[in-house]
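> So I've got this file, final30.cif, and it contains mmCIF, N, CA and C atoms:
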data_protein
#
loop_
_atom_site.group_PDB
_atom_site.id
_atom_site.type_symbol
_atom_site.label_atom_id
_atom_site.label_comp_id
_atom_site.auth_asym_id
_atom_site.auth_seq_id
_atom_site.Cartn_x
_atom_site.Cartn_y
_atom_site.Cartn_z
ATOM 1 N N MET A 6 82.732 82.611 108.978
ATOM 2 C CA MET A 6 83.415 82.687 107.700
ATOM 3 C C MET A 6 82.378 82.766 106.599
ATOM 4 N N THR A 7 82.605 83.665 105.664
ATOM 5 C CA THR A 7 81.725 83.752 104.508
ATOM 6 C C THR A 7 82.485 83.289 103.279
ATOM 7 N N GLU A 8 81.743 83.046 102.228
ATOM 8 C CA GLU A 8 82.391 82.621 100.988
ATOM 9 C C GLU A 8 83.317 83.709 100.451
ATOM 10 N N ALA A 9 82.989 84.974 100.736
ATOM 11 C CA ALA A 9 83.832 86.084 100.282
ATOM 12 C C ALA A 9 85.199 86.077 100.966
ATOM 13 N N ASP A 10 85.283 85.503 102.163
ATOM 14 C CA ASP A 10 86.556 85.419 102.887
ATOM 15 C C ASP A 10 87.484 84.356 102.311
ATOM 16 N N THR A 11 86.934 83.429 101.552
ATOM 17 C CA THR A 11 87.699 82.295 101.050
ATOM 18 C C THR A 11 88.438 82.665 99.773
ATOM 19 N N VAL A 12 89.755 82.465 99.777
ATOM 20 C CA VAL A 12 90.578 82.695 98.595
ATOM 21 C C VAL A 12 90.608 81.443 97.727
ATOM 22 N N PHE A 13 90.613 80.291 98.384
ATOM 23 C CA PHE A 13 90.689 79.005 97.686
ATOM 24 C C PHE A 13 89.997 77.964 98.551
ATOM 25 N N ALA A 14 89.260 77.067 97.926
ATOM 26 C CA ALA A 14 88.623 75.974 98.667
ATOM 27 C C ALA A 14 88.932 74.661 97.962
ATOM 28 N N LEU A 15 89.162 73.641 98.765
ATOM 29 C CA LEU A 15 89.454 72.313 98.233
ATOM 30 C C LEU A 15 88.526 71.312 98.895
ATOM 31 N N ARG A 16 87.802 70.587 98.077
ATOM 32 C CA ARG A 16 86.912 69.544 98.590
ATOM 33 C C ARG A 16 87.665 68.222 98.557
ATOM 34 N N GLU A 17 87.775 67.595 99.715
ATOM 35 C CA GLU A 17 88.483 66.314 99.835
ATOM 36 C C GLU A 17 87.710 65.443 100.812
ATOM 37 N N ASN A 18 87.236 64.296 100.341
ATOM 38 C CA ASN A 18 86.434 63.414 101.187
ATOM 39 C C ASN A 18 87.257 62.681 102.237
ATOM 40 N N ASP A 19 88.530 62.435 101.963
ATOM 41 C CA ASP A 19 89.369 61.696 102.901
ATOM 42 C C ASP A 19 89.840 62.618 104.027
ATOM 43 N N HIS A 20 89.442 62.295 105.245
ATOM 44 C CA HIS A 20 89.767 63.149 106.387
ATOM 45 C C HIS A 20 91.275 63.271 106.614
ATOM 46 N N LEU A 21 92.016 62.179 106.497
ATOM 47 C CA LEU A 21 93.462 62.243 106.745
ATOM 48 C C LEU A 21 94.175 63.132 105.731
ATOM 49 N N THR A 22 93.789 63.043 104.481
ATOM 50 C CA THR A 22 94.375 63.916 103.460
ATOM 51 C C THR A 22 94.061 65.367 103.768
ATOM 52 N N ARG A 23 92.812 65.632 104.126
ATOM 53 C CA ARG A 23 92.371 66.995 104.423
ATOM 54 C C ARG A 23 93.117 67.568 105.625
ATOM 55 N N ILE A 24 93.262 66.800 106.685
ATOM 56 C CA ILE A 24 93.915 67.319 107.887
ATOM 57 C C ILE A 24 95.415 67.516 107.666
ATOM 58 N N HIS A 25 96.049 66.638 106.903
ATOM 59 C CA HIS A 25 97.478 66.815 106.613
ATOM 60 C C HIS A 25 97.717 68.064 105.770
ATOM 61 N N LEU A 26 96.872 68.298 104.789
ATOM 62 C CA LEU A 26 97.010 69.506 103.977
ATOM 63 C C LEU A 26 96.760 70.748 104.829
ATOM 64 N N LYS A 27 95.740 70.702 105.664
ATOM 65 C CA LYS A 27 95.436 71.835 106.542
ATOM 66 C C LYS A 27 96.622 72.149 107.456
ATOM 67 N N LEU A 28 97.180 71.132 108.081
ATOM 68 C CA LEU A 28 98.314 71.344 108.987
ATOM 69 C C LEU A 28 99.542 71.871 108.251
ATOM 70 N N ALA A 29 99.795 71.356 107.058
ATOM 71 C CA ALA A 29 100.946 71.829 106.278
ATOM 72 C C ALA A 29 100.779 73.297 105.899
ATOM 73 N N LEU A 30 99.589 73.684 105.483
ATOM 74 C CA LEU A 30 99.341 75.083 105.130
ATOM 75 C C LEU A 30 99.457 75.991 106.354
ATOM 76 N N GLU A 31 98.959 75.535 107.490
ATOM 77 C CA GLU A 31 99.086 76.323 108.719
ATOM 78 C C GLU A 31 100.544 76.439 109.160
ATOM 79 N N ASP A 32 101.333 75.408 108.950
ATOM 80 C CA ASP A 32 102.756 75.446 109.315
ATOM 81 C C ASP A 32 103.513 76.542 108.584
ATOM 82 N N ILE A 33 103.104 76.840 107.360
ATOM 83 C CA ILE A 33 103.798 77.889 106.606
ATOM 84 C C ILE A 33 103.089 79.235 106.708
ATOM 85 N N GLY A 34 102.077 79.314 107.578
ATOM 86 C CA GLY A 34 101.496 80.608 107.912
ATOM 87 C C GLY A 34 100.141 80.937 107.335
ATOM 88 N N PHE A 35 99.523 80.027 106.610
ATOM 89 C CA PHE A 35 98.208 80.307 106.052
ATOM 90 C C PHE A 35 97.123 80.144 107.111
ATOM 91 N N VAL A 36 96.038 80.876 106.949
ATOM 92 C CA VAL A 36 94.854 80.717 107.791
ATOM 93 C C VAL A 36 93.912 79.789 107.044
ATOM 94 N N VAL A 37 93.589 78.652 107.665
ATOM 95 C CA VAL A 37 92.796 77.615 107.007
ATOM 96 C C VAL A 37 91.634 77.235 107.912
ATOM 97 N N ASP A 38 90.438 77.171 107.333
ATOM 98 C CA ASP A 38 89.266 76.668 108.041
ATOM 99 C C ASP A 38 88.871 75.350 107.417
ATOM 100 N N GLU A 39 88.231 74.513 108.209
ATOM 101 C CA GLU A 39 87.819 73.195 107.720
ATOM 102 C C GLU A 39 86.371 72.957 108.094
ATOM 103 N N ASP A 40 85.602 72.400 107.161
ATOM 104 C CA ASP A 40 84.271 71.914 107.510
ATOM 105 C C ASP A 40 84.211 70.432 107.155
ATOM 106 N N ASP A 41 83.049 69.883 106.954
ATOM 107 C CA ASP A 41 82.901 68.429 106.792
ATOM 108 C C ASP A 41 83.814 67.815 105.734
ATOM 109 N N VAL A 42 83.858 68.367 104.542
ATOM 110 C CA VAL A 42 84.687 67.786 103.477
ATOM 111 C C VAL A 42 85.499 68.831 102.717
ATOM 112 N N THR A 43 85.562 70.053 103.214
ATOM 113 C CA THR A 43 86.228 71.130 102.486
ATOM 114 C C THR A 43 87.170 71.891 103.409
ATOM 115 N N ILE A 44 88.330 72.247 102.875
ATOM 116 C CA ILE A 44 89.189 73.195 103.584
ATOM 117 C C ILE A 44 89.143 74.505 102.811
ATOM 118 N N HIS A 45 89.159 75.598 103.552
ATOM 119 C CA HIS A 45 89.059 76.936 102.974
ATOM 120 C C HIS A 45 90.313 77.710 103.330
ATOM 121 N N LEU A 46 91.025 78.158 102.329
ATOM 122 C CA LEU A 46 92.198 79.005 102.524
ATOM 123 C C LEU A 46 91.694 80.437 102.586
ATOM 124 N N ARG A 47 91.986 81.125 103.691
ATOM 125 C CA ARG A 47 91.415 82.446 103.905
ATOM 126 C C ARG A 47 92.352 83.584 103.532
ATOM 127 N N GLY A 48 93.504 83.301 102.962
ATOM 128 C CA GLY A 48 94.400 84.356 102.527
ATOM 129 C C GLY A 48 95.846 83.940 102.652
ATOM 130 N N ALA A 49 96.697 84.655 101.956
ATOM 131 C CA ALA A 49 98.131 84.363 101.999
ATOM 132 C C ALA A 49 98.759 85.110 103.168
ATOM 133 N N PRO A 50 99.667 84.475 103.883
ATOM 134 C CA PRO A 50 100.349 85.169 104.977
ATOM 135 C C PRO A 50 101.285 86.238 104.429
ATOM 136 N N GLN A 51 101.479 87.296 105.189
ATOM 137 C CA GLN A 51 102.320 88.404 104.744
ATOM 138 C C GLN A 51 103.763 87.975 104.512
ATOM 139 N N ASN A 52 104.297 87.084 105.339
ATOM 140 C CA ASN A 52 105.691 86.675 105.152
ATOM 141 C C ASN A 52 105.866 85.907 103.845
ATOM 142 N N ALA A 53 104.850 85.178 103.409
ATOM 143 C CA ALA A 53 104.935 84.470 102.130
ATOM 144 C C ALA A 53 104.936 85.467 100.981
ATOM 145 N N LEU A 54 104.128 86.509 101.089
ATOM 146 C CA LEU A 54 104.096 87.530 100.045
ATOM 147 C C LEU A 54 105.418 88.276 99.976
ATOM 148 N N ALA A 55 106.007 88.576 101.116
ATOM 149 C CA ALA A 55 107.299 89.260 101.138
ATOM 150 C C ALA A 55 108.385 88.383 100.529
ATOM 151 N N SER A 56 108.347 87.089 100.801
ATOM 152 C CA SER A 56 109.334 86.166 100.239
ATOM 153 C C SER A 56 109.218 86.093 98.725
ATOM 154 N N LEU A 57 107.988 86.064 98.222
ATOM 155 C CA LEU A 57 107.786 86.037 96.772
ATOM 156 C C LEU A 57 108.288 87.319 96.125
ATOM 157 N N ALA A 58 108.022 88.452 96.748
ATOM 158 C CA ALA A 58 108.470 89.732 96.207
ATOM 159 C C ALA A 58 109.992 89.803 96.190
ATOM 160 N N ALA A 59 110.639 89.329 97.242
ATOM 161 C CA ALA A 59 112.099 89.347 97.313
ATOM 162 C C ALA A 59 112.708 88.418 96.269
ATOM 163 N N ALA A 60 112.073 87.300 96.017
ATOM 164 C CA ALA A 60 112.592 86.346 95.034
ATOM 165 C C ALA A 60 112.510 86.906 93.619
ATOM 166 N N ARG A 61 111.521 87.744 93.372
ATOM 167 C CA ARG A 61 111.355 88.324 92.030
ATOM 168 C C ARG A 61 112.275 89.513 91.795
ATOM 169 N N ALA A 62 112.787 90.110 92.875
ATOM 170 C CA ALA A 62 113.621 91.316 92.740
ATOM 171 C C ALA A 62 115.013 90.980 92.259
#
So, in terms of structure tokens, how does the structure I just supplied come out?

Amino acid sequence: MTEADTVFALRENDHLTRIHLKLALEDIGFVVDEDDVTIHLRGAPQNALASLAAARA
């Protein structure tokens, strides 16, 4: 993973908070990577983008 692949990064020192957020984001379809104290969101899932577009129509 490179920094260019990351859409959003969140630094969180508490492991339990970090893992719960990571799991919740993965549950709704996001690709998430984790390192020592940071989670990296690697992009929005296509189904989420389609849902947003439909809601705006």
> Would you list the contacts of Asp40 (chain A) as an NGL selection string, taking every protein, DNA or RNA residue within 12 Å and counting only C-alpha atoms, but skipping same-chain residues closer than 2 positions in sequence?
:A and (6 or 14-18 or 20 or 23-24 or 27 or 37-38 or 42-46)
> So what do you get for atom N of Ala58 (chain A) versus CA of Asp10 (chain A), distance-wise?
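Taking atom N of Ala58 (chain A) as the start and CA of Asp10 (chain A) as the end point, the length is 22.5 Å.
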> What is the distance, in Å and to one decimal place, between CA of Glu39 (chain A) and atom C of Val12 (chain A)?
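Separating CA of Glu39 (chain A) from atom C of Val12 (chain A) is a distance of 13.3 Å.
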> Please write as a count of residues only the full residue list that the PyMOL selection byres (((chain A and resi 49 and name CA) around 6) and name CA) yields on this file.
3
> Could you pull out all residues of region 8-37 of chain A with a DSSP call of strand (DSSP E) and give them as a ChimeraX atom specification?
/A:13-16,37
